[in-house]
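Listing of data-v2.csv; format and content: CSV, C-alpha atoms.
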```csv
chain,number,residue,atom,x,y,z
A,25,MET,CA,121.2,117.0,186.2
A,26,ARG,CA,122.3,115.4,182.8
A,27,GLY,CA,119.6,112.7,183.3
A,28,GLN,CA,120.7,111.9,186.8
A,29,SER,CA,118.8,112.5,190.1
A,30,VAL,CA,121.2,114.5,192.4
A,31,LEU,CA,119.0,116.2,194.9
A,32,GLU,CA,115.5,115.9,196.3
A,33,VAL,CA,114.1,119.2,197.4
A,34,GLY,CA,110.9,119.9,199.3
A,35,SER,CA,108.4,122.7,199.2
A,36,LEU,CA,108.7,126.1,200.9
A,37,ALA,CA,106.1,128.3,202.4
A,38,THR,CA,105.6,130.3,199.2
A,39,LEU,CA,106.9,127.8,196.6
A,40,SER,CA,105.9,124.3,195.7
A,41,ALA,CA,108.5,121.5,195.4
A,42,ASP,CA,108.0,121.3,191.6
A,43,ASP,CA,108.4,125.0,191.1
A,44,ARG,CA,111.5,125.1,193.3
A,45,ALA,CA,113.1,122.1,191.4
A,46,GLN,CA,112.5,123.8,188.1
A,47,ILE,CA,114.2,127.0,189.3
A,48,ILE,CA,117.2,125.0,190.5
A,49,ASN,CA,117.3,123.1,187.2
A,50,ARG,CA,117.3,126.3,185.2
A,51,ARG,CA,120.2,127.7,187.2
A,52,ILE,CA,122.2,124.5,186.9
A,53,ALA,CA,121.5,124.3,183.1
A,54,SER,CA,122.8,127.9,182.7
A,55,VAL,CA,126.0,126.9,184.4
A,56,LEU,CA,126.4,123.8,182.2
A,57,ALA,CA,125.7,125.8,179.1
A,58,GLN,CA,128.9,127.8,179.7
A,59,ALA,CA,132.0,126.8,177.7
A,60,ASP,CA,134.3,127.0,180.7
A,61,SER,CA,134.3,124.3,183.4
A,62,PRO,CA,132.3,125.4,186.5
A,63,GLU,CA,134.0,126.2,189.7
A,64,ALA,CA,133.4,124.2,192.9
A,65,VAL,CA,130.1,124.7,194.7
A,66,THR,CA,130.6,126.7,197.9
A,67,VAL,CA,128.4,126.9,201.0
A,68,GLN,CA,127.7,130.2,202.8
A,69,PHE,CA,125.8,130.1,206.2
A,70,ASP,CA,123.4,132.8,207.3
A,71,ARG,CA,123.1,132.4,211.1
A,72,GLN,CA,120.4,135.1,211.5
A,73,ARG,CA,118.0,133.5,209.0
A,74,GLU,CA,119.3,129.9,209.8
A,75,VAL,CA,119.8,129.0,206.1
A,76,ALA,CA,122.7,128.0,203.9
A,77,VAL,CA,123.3,129.3,200.4
A,78,LEU,CA,124.9,127.1,197.7
A,79,LYS,CA,126.9,129.2,195.1
A,80,ILE,CA,128.9,128.5,192.0
A,81,ASN,CA,130.7,131.0,189.9
A,82,ASN,CA,129.4,133.7,192.2
A,83,ARG,CA,125.8,132.7,191.4
A,84,ILE,CA,123.3,131.4,193.8
A,85,LEU,CA,122.1,127.8,192.9
A,86,MET,CA,119.8,127.2,195.9
A,87,THR,CA,119.0,127.9,199.5
A,88,VAL,CA,118.9,125.2,202.1
A,89,THR,CA,116.3,125.9,204.8
A,90,ASN,CA,115.3,124.5,208.2
A,91,GLN,CA,112.4,122.7,206.4
A,92,ASP,CA,114.9,120.9,204.2
A,93,ALA,CA,117.0,119.9,207.3
A,94,LEU,CA,113.8,118.6,209.0
A,95,ASP,CA,112.9,116.6,205.9
A,96,PHE,CA,116.2,114.7,206.0
A,97,ASN,CA,116.6,114.8,209.9
A,98,VAL,CA,120.0,116.6,209.8
A,99,SER,CA,121.2,120.1,210.5
A,100,VAL,CA,121.2,122.8,207.9
A,101,GLU,CA,125.0,122.9,207.8
A,102,THR,CA,125.3,119.1,207.3
A,103,LEU,CA,122.6,119.0,204.6
A,104,ALA,CA,124.2,122.0,202.8
A,105,GLU,CA,127.6,120.3,202.8
A,106,GLN,CA,126.1,117.0,201.5
A,107,TRP,CA,124.3,118.7,198.6
A,108,ALA,CA,127.4,120.7,197.7
A,109,THR,CA,129.4,117.5,197.6
A,110,ARG,CA,126.9,115.8,195.4
A,111,LEU,CA,126.7,118.8,193.0
A,112,ASN,CA,130.5,119.0,192.7
A,113,GLN,CA,130.7,115.2,191.9
A,114,ALA,CA,128.0,115.6,189.3
A,115,PHE,CA,129.8,118.6,187.7
A,116,THR,CA,133.1,116.8,187.5
A,117,GLU,CA,132.2,113.2,187.0
A,118,ARG,CA,130.0,113.1,183.9
A,119,PRO,CA,128.7,109.8,182.6
A,120,LEU,CA,130.1,108.9,179.2
A,121,ALA,CA,126.7,108.7,177.4
A,122,VAL,CA,125.5,112.0,178.9
A,123,ASP,CA,128.8,113.7,178.0
A,124,VAL,CA,128.7,112.4,174.4
A,125,LEU,CA,125.0,113.6,174.1
A,126,GLN,CA,125.8,117.0,175.5
A,127,ARG,CA,128.8,117.4,173.2
A,128,LEU,CA,126.6,116.3,170.2
A,129,THR,CA,123.9,118.8,171.3
A,130,ASN,CA,126.4,121.6,171.6
A,131,THR,CA,128.0,120.8,168.2
A,132,THR,CA,124.5,120.6,166.5
A,133,ARG,CA,123.6,124.0,168.0
A,134,GLN,CA,126.9,125.5,166.8
A,135,LEU,CA,126.4,124.1,163.4
A,136,LEU,CA,122.9,125.5,163.2
A,137,ARG,CA,124.2,128.9,164.3
A,138,ASP,CA,127.0,128.8,161.7
A,139,THR,CA,124.5,127.7,159.0
A,140,ILE,CA,122.2,130.6,159.8
A,141,ASN,CA,125.1,133.0,159.7
A,142,LEU,CA,126.4,131.6,156.4
A,143,LEU,CA,122.9,131.4,154.9
A,144,PRO,CA,123.4,134.5,152.6
A,145,SER,CA,126.7,133.2,151.4
A,146,LEU,CA,125.2,129.7,150.8
A,147,LEU,CA,122.3,131.2,148.8
A,148,GLY,CA,124.8,133.3,146.8
A,149,ALA,CA,126.9,130.2,146.1
A,150,LEU,CA,123.8,128.2,145.0
A,151,VAL,CA,122.8,131.1,142.6
A,152,ILE,CA,126.4,131.1,141.2
A,153,ILE,CA,126.2,127.3,140.7
A,154,LEU,CA,122.9,127.5,139.0
A,155,LEU,CA,124.2,130.3,136.7
A,156,THR,CA,127.3,128.3,136.0
A,157,TRP,CA,125.3,125.3,135.0
A,158,ILE,CA,123.2,127.4,132.6
A,159,VAL,CA,126.2,129.2,131.1
A,160,ALA,CA,128.2,126.0,130.8
A,161,LYS,CA,125.4,124.4,128.8
A,162,GLY,CA,125.2,127.4,126.6
A,163,VAL,CA,128.9,127.7,126.0
A,164,ARG,CA,129.1,123.9,125.3
A,165,HIS,CA,126.3,124.3,122.7
A,166,ALA,CA,128.0,127.3,121.2
A,167,GLY,CA,131.3,125.4,121.0
A,168,LEU,CA,129.7,122.4,119.4
A,169,VAL,CA,128.0,124.7,116.8
A,170,TRP,CA,131.3,126.4,116.1
A,171,ALA,CA,133.1,123.1,115.8
A,172,GLU,CA,130.5,121.7,113.4
A,173,LYS,CA,131.1,124.7,111.1
A,174,THR,CA,134.9,124.8,111.3
A,175,GLU,CA,136.1,121.2,112.1
A,176,GLY,CA,133.5,118.9,110.5
A,177,ASP,CA,134.7,116.1,112.8
A,178,ARG,CA,132.6,114.6,115.5
A,179,SER,CA,135.6,113.8,117.7
A,180,ALA,CA,136.9,117.4,117.6
A,181,GLU,CA,133.4,118.7,118.3
A,182,ILE,CA,133.2,116.5,121.5
A,183,LEU,CA,136.6,117.7,122.6
A,184,ILE,CA,135.8,121.4,122.1
A,185,GLY,CA,132.4,121.0,123.8
A,186,ARG,CA,133.8,119.3,126.9
A,187,LEU,CA,136.7,121.7,127.3
A,188,CYS,CA,134.3,124.6,127.1
A,189,TYR,CA,131.9,123.0,129.6
A,190,GLY,CA,134.7,122.1,132.0
A,191,GLY,CA,136.3,125.5,131.8
A,192,VAL,CA,133.1,127.3,132.7
A,193,TRP,CA,132.6,125.0,135.7
A,194,ILE,CA,136.1,125.7,137.0
A,195,VAL,CA,135.5,129.4,136.9
A,196,GLY,CA,132.1,129.0,138.5
A,197,ALA,CA,133.4,126.8,141.3
A,198,VAL,CA,136.2,129.4,142.1
A,199,ILE,CA,133.6,132.2,142.3
A,200,ALA,CA,131.2,130.1,144.5
A,201,LEU,CA,134.0,129.1,146.9
A,202,THR,CA,135.1,132.7,147.1
A,203,ILE,CA,131.6,133.8,148.1
A,204,LEU,CA,131.6,131.1,150.8
A,205,GLY,CA,134.7,132.9,152.2
A,206,LEU,CA,137.4,130.6,151.0
A,207,ASP,CA,140.8,132.4,150.5
A,208,PHE,CA,141.8,131.3,147.0
A,209,ALA,CA,145.4,132.3,147.6
A,210,THR,CA,145.5,130.0,150.7
A,211,LEU,CA,143.9,127.2,148.6
A,212,LEU,CA,146.5,127.5,145.9
A,213,GLY,CA,149.2,127.4,148.6
A,214,THR,CA,147.7,124.3,150.1
A,215,LEU,CA,147.4,122.6,146.7
A,216,GLY,CA,151.0,123.5,146.0
A,217,LEU,CA,152.0,121.7,149.2
A,218,THR,CA,149.9,118.7,148.5
A,219,SER,CA,150.3,118.5,144.7
A,220,VAL,CA,152.9,115.8,144.9
A,221,ALA,CA,150.8,113.5,147.0
A,222,ILE,CA,147.7,114.2,144.8
A,223,GLY,CA,149.7,113.6,141.7
A,224,PHE,CA,150.9,110.2,142.9
A,225,SER,CA,147.4,109.1,144.1
A,226,LEU,CA,145.6,110.3,141.0
A,227,LYS,CA,148.3,109.7,138.4
A,228,ASP,CA,146.4,106.9,136.6
A,229,ILE,CA,143.2,108.9,136.4
A,230,LEU,CA,145.0,112.1,135.3
A,231,SER,CA,147.0,110.2,132.7
A,232,ASN,CA,143.8,108.7,131.3
A,233,TYR,CA,142.2,112.2,130.9
A,234,ILE,CA,145.4,113.6,129.3
A,235,SER,CA,145.6,110.6,126.9
A,236,GLY,CA,141.9,111.1,126.1
A,237,VAL,CA,142.5,114.8,125.2
A,238,ILE,CA,145.5,113.9,123.1
A,239,LEU,CA,143.5,111.1,121.3
A,240,LEU,CA,140.6,113.5,120.5
A,241,ALA,CA,143.0,116.2,119.3
A,242,ALA,CA,145.3,113.9,117.2
A,243,ARG,CA,142.3,112.0,115.7
A,244,PRO,CA,144.0,108.7,114.8
A,245,PHE,CA,140.5,107.4,114.2
A,246,ARG,CA,137.0,109.0,114.3
A,247,ILE,CA,133.5,108.0,115.2
A,248,GLN,CA,132.1,105.4,112.7
A,249,ASP,CA,135.6,104.3,111.7
A,250,GLN,CA,136.2,100.6,111.5
A,251,ILE,CA,139.2,99.6,113.8
A,252,VAL,CA,140.8,96.6,115.3
A,253,VAL,CA,141.9,96.6,118.9
A,254,GLY,CA,143.5,93.3,120.1
A,255,ASP,CA,141.1,90.5,119.5
A,256,TYR,CA,138.2,92.9,118.9
A,257,GLU,CA,137.1,94.5,115.6
A,258,GLY,CA,134.2,96.8,115.0
A,259,THR,CA,132.9,100.3,114.7
A,260,VAL,CA,133.8,103.3,116.9
A,261,VAL,CA,130.6,104.6,118.4
A,262,GLN,CA,131.9,106.9,121.2
A,263,ILE,CA,135.2,108.6,122.1
A,264,GLN,CA,135.4,109.9,125.7
A,265,LEU,CA,138.2,111.4,127.7
A,266,ARG,CA,138.7,108.1,129.6
A,267,ALA,CA,137.5,105.4,127.3
A,268,THR,CA,136.6,104.6,123.8
A,269,THR,CA,133.5,102.5,123.0
A,270,MET,CA,133.3,100.0,120.0
A,271,ARG,CA,130.4,98.0,118.7
A,272,THR,CA,131.7,94.7,117.3
A,273,TYR,CA,130.2,93.2,114.3
A,274,ASP,CA,128.2,90.7,116.4
A,275,GLY,CA,126.5,93.6,118.3
A,276,ARG,CA,128.5,93.7,121.5
A,277,LEU,CA,129.6,97.0,123.1
A,278,VAL,CA,133.3,96.9,124.1
A,279,ILE,CA,134.8,99.7,126.2
A,280,PHE,CA,138.6,100.3,126.0
A,281,PRO,CA,140.2,102.5,128.6
A,282,ILE,CA,142.5,105.1,127.2
A,283,ARG,CA,146.1,104.8,128.4
```

Let's see the structure in the file written out as C-alpha cells.
Amino acid sequence: MRGQSVLEVGSLATLSADDRAQIINRRIASVLAQADSPEAVTVQFDRQREVAVLKINNRILMTVTNQDALDFNVSVETLAEQWATRLNQAFTERPLAVDVLQRLTNTTRQLLRDTINLLPSLLGALVIILLTWIVAKGVRHAGLVWAEKTEGDRSAEILIGRLCYGGVWIVGAVIALTILGLDFATLLGTLGLTSVAIGFSLKDILSNYISGVILLAARPFRIQDQIVVGDYEGTVVQIQLRATTMRTYDGRLVIFPIR
C-alpha cells in the first residue's frame, strides 16, 4: 500500500495468493481514492465459519481464514487484530514522499479533468485570439493607410497604427476571457481594489508609455530629423512608445528612453 509492504497473504482453496493480493489491493486503492479520510479498520468474527472479516467504511477489505492463521502460527482472532492494526497505521501514518506523490497524482488527474471540461472554452478562446490577431493587423494596416493620406507624418502614422492595434487586442482579450468563464465585473472590481498597488509598482513603465504617446502626438521632432540629445547628435530613425532611436553621424545607434 503506497509503495509499502503491509500484509503477506497466502492462497485459498479456490484463489491463488497473487489473485487474492490483487483483489485486496484494488479494494484498498478504492478506499484511498476517496477524498475523505478512511475510518478505522474493524474486525468481525464469524464463529461458525471460523473466519474473521476486516471492514472499513462498511466495506469488506479481506477475510482472514484458518489457513492464514496456520501460515503465521497464530489464531484467527490474533492474526485479524494484527492485520487490522497494520492497516490502520498505514492509513494514518503516510510517508512524506508517498503522500507528496499521491497529492501530485490527484492534482494532475483533477487538472486533466478540468482541462477536458474546459476544452470547448479553450478552443473558443484560441479562435478568438486568432481572429483578434488577424483583425488587429488589418485595422493597423487600415489605420496606417488612413494616416498616410491625412497626416503625412511618419510619427503620427506609427502612433495611429499602434493605438488601433492595441485597442483591437484589448477587446479581443476581454472576449476571450469571457469565453473562459471570467466574470468581467468581478475582474474590474479586483482591478479597482489593486489599482493603487499596480500603479505604484508600474508607475515608471506607465509613465514611459504615456510620455511616448504625448511625444508622438505633439511631434517636437520627426523621423529623419537631425537632433541633439545631451552629448549625442544624429538622425532620428525610430520613435517608439518607450524609447527613441538615433543614429549618430559616426554610425552608432543610441536608444533614449522616453521620460

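Comparing the minimum interatomic distances between Asn112 of chain A and each of A:Pro62, A:Ile153, A:Val75, A:Asn90, counting all atoms listed in the file, we find that A:Pro62 sits nearest.
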
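Closest to Lys79 of chain A among A:Ile48, A:Val151, A:Leu103, A:Ile263 is A:Ile48, based on only C-alpha atoms.
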
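Reported to one decimal place, the separation of atom CA of Val77 of chain A from atom CA of Ala104 of chain A is 7.7 Å.
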
### Task
Compare A:Thr269, A:Arg71, A:Ala197, A:Val163 by their minimum atom-to-atom distance to Ile184 of chain A, counting all atoms listed in the file, and give me the closest one.
A:Val163

### Summary
Across A:Thr66, A:Thr272, A:Asn82, A:Thr139, the smallest distance to Glu105 of chain A, with only C-alpha atoms counted, is shown by A:Thr66

### Query
Which one is closest to Asp274 of chain A: A:Val192, A:Glu63, A:Ile47, A:Gly258? Count all atoms listed in the file.
A:Gly258

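Residue neighbourhood of Leu146 of chain A, excluding near-sequence residues (fewer than 3 positions): Asp138, Thr139, Ile140, Asn141, Leu142, Leu143, Ala149, Leu150, Val151, Ile152, Ile153, Ala200, Leu201, Thr202, Ile203, Leu204 and Gly205 of chain A, at 12 Å, using all atoms listed in the file.
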
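Between atom CA of Ile199 of chain A and atom CA of Gly162 of chain A there is a distance of 18.4 Å.
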
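Coordinates place atom CA of Ala166 of chain A at a distance of 11.4 Å from atom CA of Arg186 of chain A.
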
Which residues are close to Gly191 of chain A, i.e. within 12 Å by all atoms listed in the file, leaving aside same-chain residues fewer than 2 positions away? Reply as a tab-separated table (two decimals) with C-alpha atoms, in the coordinates of the input.
```tsv
chain	number	residue	atom	x	y	z
A	156	THR	CA	127.30	128.30	136.00
A	157	TRP	CA	125.30	125.30	135.00
A	159	VAL	CA	126.20	129.20	131.10
A	160	ALA	CA	128.20	126.00	130.80
A	161	LYS	CA	125.40	124.40	128.80
A	163	VAL	CA	128.90	127.70	126.00
A	164	ARG	CA	129.10	123.90	125.30
A	167	GLY	CA	131.30	125.40	121.00
A	184	ILE	CA	135.80	121.40	122.10
A	185	GLY	CA	132.40	121.00	123.80
A	186	ARG	CA	133.80	119.30	126.90
A	187	LEU	CA	136.70	121.70	127.30
A	188	CYS	CA	134.30	124.60	127.10
A	189	TYR	CA	131.90	123.00	129.60
A	193	TRP	CA	132.60	125.00	135.70
A	194	ILE	CA	136.10	125.70	137.00
A	195	VAL	CA	135.50	129.40	136.90
A	196	GLY	CA	132.10	129.00	138.50
A	197	ALA	CA	133.40	126.80	141.30
A	198	VAL	CA	136.20	129.40	142.10
```

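With only C-alpha atoms as the atoms that count, the minimum distance from Leu111 of chain A to the choices A:Leu277, A:Thr259, A:Leu31, A:Arg137 is reached by A:Leu31.
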
### Message
At a cut-off of 12 Å, using all atoms listed in the file, what residues contact segment 33-40 of chain A? Leave out same-chain residues fewer than 2 positions from it and give the result as a ChimeraX atom specification.
### Response
/A:29-31,42-49,86-96,103-104,107
